[in-house]
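What follows is a set of notes on a single structure, which appears directly below.
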Amino acid sequence: ALNRNSMGNHRSQTDRKSPTRLGLLTFSELPEWRRDNPCILTGYRPETNSWKECFKGVLLWHNQTVNIWSHLIGTIISCALLSLSFLRDDWSIFERLDVLHDYAGQPVNTPKAFDGAGMMLFIFGCVVCFACSTVFHSAMCHSESVRILVLGTLNYFSTFHYAFYCDPSIRNIYIAMMTISGCTGIYLVYSPSYASPAYRRMRTYTFFALGFVVIFPFIHAIHKYGVHHVSRGVSLKWLFIEALAYVCGALMYAEKCPEFLVPGRFDYGASHQIFHVCSMVATFSHYVSLSRSYQFWLYGPGTGICPAI
């Protein structure tokens, strides 16, 4: 009888520890390494110690579902855009990646190598960003902050190209500066010393610092060519929408808003999920900006002319 009772107690303890029986966990039930946001109280997946089980969770509803699917959709769209470059041999490489316009007739200016390469880098950055994010939120891997900085760095290679379309030497200087800044940021957030939840704000404000680096080339371009020319040449309106989306999303993520106002109320719809939606808006805005820039410099009659300095 004693043995049966012992076995029964052991079985009940095993059941309590079994992830398949527990369902979703609360914040207090999480191991220390997973306690990133104390304002999100419920909806956590249990540890499974299985990649297969982790990726099965993609189809389940929990507090990472929006994070997974928002960037999984972004990955699919980015891969689809990238695949266009292999499906049509009669377009230039940029035009095959631009689904917003039907480029009729001959271009006013001859396309440069960087017109296509810049767009390819941007789309490649999108694939890396969204794919790594999807894997991170599906399996809790270590790539979250790095993917943001990769996309943030590659985004502006092509934008600097159009901002200094008539001055490639200046363009190259700013691209080099952006590369160094991005690599420095990746090193800082990838270092194990800054990987803990305590450095959540530091990682986010590293992203902001990269954004401030971007401002200087535009100030230079406006001073050199005039605000009207730069506004059309790089489509500043769409870049402003992109910046606004990134800043709003990143600030909410850094300050844990809105969940810190009423802990537990926004377990589904928390700041990280809002940041993901904002990043999708920002990425689409950047895509539109590049498309408009390409159209201005190569296909617009009476446009795409280097101003006399």
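Ligands are numbered from 1 in the order shown, residues from 1 within each chain, and chains are lettered A, B, ... in the order they appear in the structure tokens.
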- Message: Just want the 8 Å neighbourhood of Glu242 in chain A, counted on only C-alpha atoms, with same-chain residues fewer than 6 positions away dropped. Output as an MDAnalysis selection string.
- Response: chainID A and resid 281:283 285:286
inquiry  = Could you go through range 226-289 of chain A and tell me which residues DSSP, when run on the backbone, assigns to alpha helix (DSSP H), listing them as an NGL selection string?
reply    = :A and (227-233 or 236-254 or 271-289)
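Here CA of Phe130 in chain A is placed at a distance of 14.2 Å from CA of His272 in chain A.
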Using only C-alpha atoms, the shortest atom-to-atom distance to Phe218 in chain A among A:Arg203, A:Arg45, A:Lys56, A:His161 belongs to A:His161
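The residue that comes closest to Gly182 in chain A, out of A:Val288, A:Ala209, A:Met120, A:Cys278 and on the basis of only C-alpha atoms, is A:Ala209.
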Spatial neighbours of Met177 in chain A, 12 Å, only C-alpha atoms, chain gap at least 5 places, as a count of residues only | 15
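Across the model, the gap from CA of Cys39 in chain A to CA of Phe260 in chain A is 5.5 Å.
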*Counting only C-alpha atoms, what is within 10 Å of Gly269 in chain A, bar same-chain residues fewer than 4 positions away, as an MDAnalysis selection string?*
chainID A and resid 40 63:64 66:67 258:259 265 273:274
Item checked: Shell around Trp69 in chain A at 8 Å using only C-alpha atoms, local window under 4 positions removed, as a ChimeraX atom specification -> /A:58,65,73,134
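Here CA of Ser28 in chain A and CA of Ser191 in chain A stand 27.3 Å from one another.
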His229 in chain A environment, 12 Å, only C-alpha atoms, sequence neighbours closer than 5 positions dropped, as a PyMOL selection string:
chain A and resi 162-166+218+221-224+234-236+293+296-297+303-308
